[in-house]
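Single-structure report; data block below.
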Amino acid sequence: MCDGASWLDFICEAGGGSGGGGLSCWGRDEYGAIGNGSGSSANVEEPEVIGGISGWDYIEGGYAHTCGISGGKLYCWGSDSNEQIGDGPGGTNVHVPIQIGSSTGWSAVSLSYNHTCGIDGGKLYCWGEDDDGEIGNGSGSSATVAAPEQVGTNSTWSAVAVGRHHTCGIDGGKLYCWGKNTDGQVGNNGGSGDVTSPVQIGSSAGWTVITAGNDHTCGIDSGKLYCWGQDDDSQVGNGSGTADVKTPQQITTDSTWTAVSGGFSHTCGIDAGKLYCWGEGGEGQLGNGYTGSRSSPEQIGVDATWTSVVAGGDHTCGMNAGRLYCWGEDTYGEIGNGSGSTGDVTTPYQVGSDGAWSLVGAGGYHTCAVSSSGGGGGCGTLGSCSTDGELDYDSASSAFKYCDGSDWIKVDGGLLGGGGSESFTTTFLSEEQGPTAGTSLDGASGLAIEGHYAFVVNSARSSLAVLDIANPADPVFVAEERGPSPGTSLAGVQGIAIEGNYAYLANYNRDSLAVIDISNPADPVFVAEERGPSAGTSLDGARALALSGNYAFVAVSNRDSIAVIDISNPADPVFVAEERGPSAGTSLEDPRSIVIVGNYAYVANRGRDSLSVLDISNPSDPVFVAEERGPTPGTSLNGAYYVAVSGGYAFVVCDIRGSLAVIDISDPSDPVFVTEEQGPIPGTSLSGALFVAVSGNYAFVSSYNQNTVAVIDISDPTSPEFVAEEQGPSPGTSLEYPRDIVVVGGYAYVANYYRDSLAVIQLGIPGPAGLSCDFSGVIDYLESQNKLAYCDGSLWHLMAGSVPVDTEPDGFVFVDVSDSTVNTLITSAAVTITGINVGTSVSVSGDGSPQISINGGAWVTSGTINDGESLAVRLTSSSSGSTSFSATVNVGGVTDSWSVTTEAGCPGGGFSYGGYCWYYGAKGKKCTQTCSSYGLSCNLSGVVAYGSAGNDAACTEIVEGAQGVSGLSFNTSDRGGKSGCAFRDGQVSRRTSQTTTCEGYGSDTYRACACD
């Protein structure tokens, strides 16, 4: 979380000041890879605009050099130790972008340690180091190639990827690779010798994407993902992580992969818009919040809107909905968050607030990216306001401003009000007790979340239950597994960990590790168990476990040990070692939990009141390294029960002490007690604290004595602060004896031992509509509360201060209506109201009884309208021809007048004669009624003319000029010998009476009415 000053620098630098295609770089600049011309070795910890060239179309980072393409021209800069820049002999580092050659036909470029390849006019060129044949010219000598040298003669290359000492490319949909092949990275199933010229891999012509890591390769063929090469860190992703893979091996069965990128020893890809990473994760480069490896693709977050991903050395960057995120190693500032060497970043971190990034390239220890908008008009200068939700800094007013889509609005109270978010919010959302309450989840103890399923181990039931949590508000019990001998196979199960398609269970009463196949969550299957060389002793009191690579590390409570079990073959787990510390029975007395970070395991020992550290770099020989018991041994960590690790700190909950202890583990060989938090009432608030889950800046602690989940702010680990607690709707019952707790996607899932349930607690506030909170740093507008909301990586929080109320809309215009029918209800075309950020009053006044309709709703004279809603108006037109009625619509003080003008002549289709409008009157209907229906008055005559049979003159006189009037025509031949003048409506013959009043009529009278 940043203060105002650092956000100022962050937004200005990331936002640019360059126009479309503006380039920014950050990270290690020892060899000039940043391109800012400084020539210093200082790290650049925030995005720095690289001026001089605009319109970048391609950017790529190598180990310590960078290349990009602008307008078809190729530029490179950085380390030139092996002529990888391509500007000819010299080997001098280059600190600013320089053009390579004079061609304007470059379309792609790829970099690694010491060589570079690119495509110019469909022709492939490579240059730099050639120790292992990576240039592809058939030589493979140790000589360097100082300038681009064409590979072969074809001009149909579409893609190229450069690894540490090998290269691959796509020509006409066919895949070719060459260079060093010691780990199978070429993919031709050949020996370990160098391949000095391109060799086709397989026979397919459907390859579209290719990437190369250090010594492994991945590509996409017809939407299917394949990887091969070195796999000692599981970077191939086939679930094994052992032997090298010599030929392309399909990863998953999906055929919707669109992108893949390889780093030093990890890989990330996009499948149907979802981001997945696998391989080495020691620096957080997988983005899953942890620092362990993954042997198969693991989804990062829940979004399905990722468009690109690039794997650097040990860091990764990607773009999601135009926003740029980076994560992983941050030793040299390669994440771009301004923190530099303060620690690795284990989840995606948004770089800047701009939502218009278009390209990103990640090098060994640096990053470059291109913004299509350049952010604003420069550092501290606001650009045009066109994107609703954009946030920027205005140096002219020394204030942060928020764009509502048209206007920049000052944000009151600063971004974070100088103190972060407002009070933390928790809401008990739901629970599930299974089909038989009190039995199905009897003794719910442990919990793991995978996808949209919760896997709950139930100690008293001796079972694994599966719950569908796709809708957290309504979790559903799906299935259970109790093993081949229910009540025995999983007796007293307490711990669970999941890797791939298998769940591994620690069974306290069975003294075993059980393996359950969960590939089909609706039908989990007991596969195997391991009880160690001495059944009943080796794993006596197996209570908890953690997984790393091909091994399960089990905390064995009664044995006072950590057991190591090889799970490379889940169907046949094998006990391989144990560690009991320097004083067996004491050093690891009653271990209750274990967590693994890198090569170290951290163990909470309830009997010893300690945190122990074990070196597990050699799983077959784990070594006790150190312990921490706090300033007062036996008291400081009294009842150490569970440990979680985040950002160089171990957070240990102690049920007897009633505390959350913080221990600095930046040096695993010397852990140091830092502080503790006991809540507002020490000894009570956290009494019986059993489990802790860390998410973002918060630790969530379950307490069995209080029957609560407490929330502790650990944004400053040296000063944790108790901020909230949740008891549920029935305190003492809803969360009765809560144990394990897992936090995923803004929800805490809690296993309740005595309640026999899984409870779901919503954390933070409901975020902006349609925007999940997966990535730290996202800021958006929360319309429901007229505030900005901040995402800490999992939870939304309200920011201090509020966005000023903007009730003055943009201008709006209703289109006037002319030649309308008289005395008729006329409705306008709808307009959309914009430029407001809260509900704004709207009203209408004027002629013809006007009304308004808001967003298609009921017709009213006043109401409230929101930004983006539609507004229509209606009124009744004048009863006179050529007459205008108008209505004035007022929205937040902005008005528009809408006019409706009636057509000329007699209203309603009557015809004019002798100064009157003439109409046909219905049988038995008075002329007063006929005339008034058109808003007119009846003339005294009430008839067309006087006369008798045969007297055509009078009728002819009246009819003169009246022929063709719609709906009325007069014709003396239709009078049928009756007295008076006849007329007809359509083809029906009628007659008039000689009555001279407007009121009189007969039963068979059809009247012609003169109205004025």
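Chain identifiers are assigned as A, B, and so on, following the order in which chains appear in the structure tokens; residues are numbered from 1 within each chain, and ligands are numbered from 1 in order of appearance.
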### Message
For stretch 707-715 of chain A, find every residue with an atom within 7 Å (counting only C-alpha atoms), except residues of its own chain fewer than 5 positions away, and show them as an MDAnalysis selection string.
### Response
chainID A and resid 697:702 720:727 732 735:738
List every residue of stretch 270-331 of chain A that has an atom at most 12 Å from any atom of stretch 51-63 of chain A, giving for each one its closest atom pair and the distance in Å to one decimal, counting only C-alpha atoms, sorted by chain and then by ascending residue number, as JSON lines.
{"residue": "A:Val310", "atom": "CA", "partner": "A:Glu60", "partner_atom": "CA", "distance": 9.3}
{"residue": "A:Ala311", "atom": "CA", "partner": "A:Gly61", "partner_atom": "CA", "distance": 9.9}
{"residue": "A:Gly312", "atom": "CA", "partner": "A:Gly61", "partner_atom": "CA", "distance": 7.8}
{"residue": "A:Gly313", "atom": "CA", "partner": "A:Tyr63", "partner_atom": "CA", "distance": 7.4}
{"residue": "A:Asp314", "atom": "CA", "partner": "A:Tyr63", "partner_atom": "CA", "distance": 11.0}
{"residue": "A:Thr316", "atom": "CA", "partner": "A:Gly61", "partner_atom": "CA", "distance": 11.9}
{"residue": "A:Cys317", "atom": "CA", "partner": "A:Gly61", "partner_atom": "CA", "distance": 11.8}
### Task
Go through stretch 28-66 of chain A and collect every residue that DSSP, computed from the backbone, puts in strand (DSSP E or B); the answer should be as a PyMOL selection string.
chain A and resi 44-50+56-61+65-66
#### Entry: Given only C-alpha atoms as the counted atoms, nearest of A:Ser886, A:Ser538, A:Ser561, A:Thr427 to A:Arg592
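The closest residue to A:Arg592 is A:Ser561.
For the pair atom CA of A:Val842 and atom CA of A:Val860, the interatomic distance is 10.1 Å.
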### Message
Please compute the atom CA of A:Ser669-atom CA of A:Val625 distance, one decimal, in Å.
### Response
5.9 Å
### Task
Record the distance separating atom CA of A:Glu48 and atom CA of A:Trp306, expressed in Å with one decimal.
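Here the two named atoms are 24.4 Å from each other.
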#### Entry: Exercise: A:Gly336 partners within 7 Å, only C-alpha atoms, chain neighbours under 2 positions left out, as a list of chain:residue names
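The residues satisfying every condition are A:Trp26, A:Glu45, A:Glu46, A:Pro47, A:Gly333, A:Glu334, A:Gly338, A:Val351.
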So that I have them on file, write out the residues from the current selection with N, CA, C and O atoms, as a PDB file, in the first residue's frame.
ATOM      1  N   TRP A  26      12.357  -0.461 -16.656  1.00  0.00           N
ATOM      2  CA  TRP A  26      12.745  -0.415 -15.254  1.00  0.00           C
ATOM      3  C   TRP A  26      13.462  -1.717 -14.888  1.00  0.00           C
ATOM      4  O   TRP A  26      13.382  -2.711 -15.593  1.00  0.00           O
ATOM      5  N   GLU A  45      13.800   1.477 -10.188  1.00  0.00           N
ATOM      6  CA  GLU A  45      12.784   0.702  -9.477  1.00  0.00           C
ATOM      7  C   GLU A  45      11.362   1.048  -9.867  1.00  0.00           C
ATOM      8  O   GLU A  45      10.423   0.441  -9.367  1.00  0.00           O
ATOM      9  N   GLU A  46      11.187   2.046 -10.728  1.00  0.00           N
ATOM     10  CA  GLU A  46       9.868   2.401 -11.234  1.00  0.00           C
ATOM     11  C   GLU A  46       9.973   2.639 -12.734  1.00  0.00           C
ATOM     12  O   GLU A  46      11.057   2.948 -13.238  1.00  0.00           O
ATOM     13  N   PRO A  47       8.881   2.490 -13.466  1.00  0.00           N
ATOM     14  CA  PRO A  47       8.933   2.716 -14.913  1.00  0.00           C
ATOM     15  C   PRO A  47       9.497   4.087 -15.265  1.00  0.00           C
ATOM     16  O   PRO A  47       9.060   5.106 -14.733  1.00  0.00           O
ATOM     17  N   GLY A 333      14.409  -4.196  -8.840  1.00  0.00           N
ATOM     18  CA  GLY A 333      13.327  -3.288  -9.199  1.00  0.00           C
ATOM     19  C   GLY A 333      12.566  -3.715 -10.430  1.00  0.00           C
ATOM     20  O   GLY A 333      11.805  -2.930 -11.008  1.00  0.00           O
ATOM     21  N   GLU A 334      12.733  -4.991 -10.861  1.00  0.00           N
ATOM     22  CA  GLU A 334      12.115  -5.428 -12.114  1.00  0.00           C
ATOM     23  C   GLU A 334      10.598  -5.496 -12.063  1.00  0.00           C
ATOM     24  O   GLU A 334       9.940  -5.554 -13.094  1.00  0.00           O
ATOM     25  N   GLY A 338       8.650   0.323  -7.167  1.00  0.00           N
ATOM     26  CA  GLY A 338       9.374   1.295  -6.368  1.00  0.00           C
ATOM     27  C   GLY A 338      10.015   0.726  -5.126  1.00  0.00           C
ATOM     28  O   GLY A 338      10.647   1.439  -4.362  1.00  0.00           O
ATOM     29  N   VAL A 351       1.133  -2.373 -12.350  1.00  0.00           N
ATOM     30  CA  VAL A 351       2.142  -1.360 -12.589  1.00  0.00           C
ATOM     31  C   VAL A 351       1.452  -0.102 -13.100  1.00  0.00           C
ATOM     32  O   VAL A 351       0.920  -0.078 -14.208  1.00  0.00           O
TER      33      VAL A 351
END
### Message
Can you tell me which residues surround stretch 618-623 of chain A at a distance of at most 9 Å, considering only C-alpha atoms, apart from same-chain residues fewer than 3 positions away, and format the answer as a PyMOL selection string?
### Response
chain A and resi 551+553+562+564-566+576-581+599+613-615
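For the choices A:Ile826, A:Val515, A:Ile854, A:Val742, the atom-to-atom distance to A:Ile449 is smallest for A:Val742 when using only C-alpha atoms.
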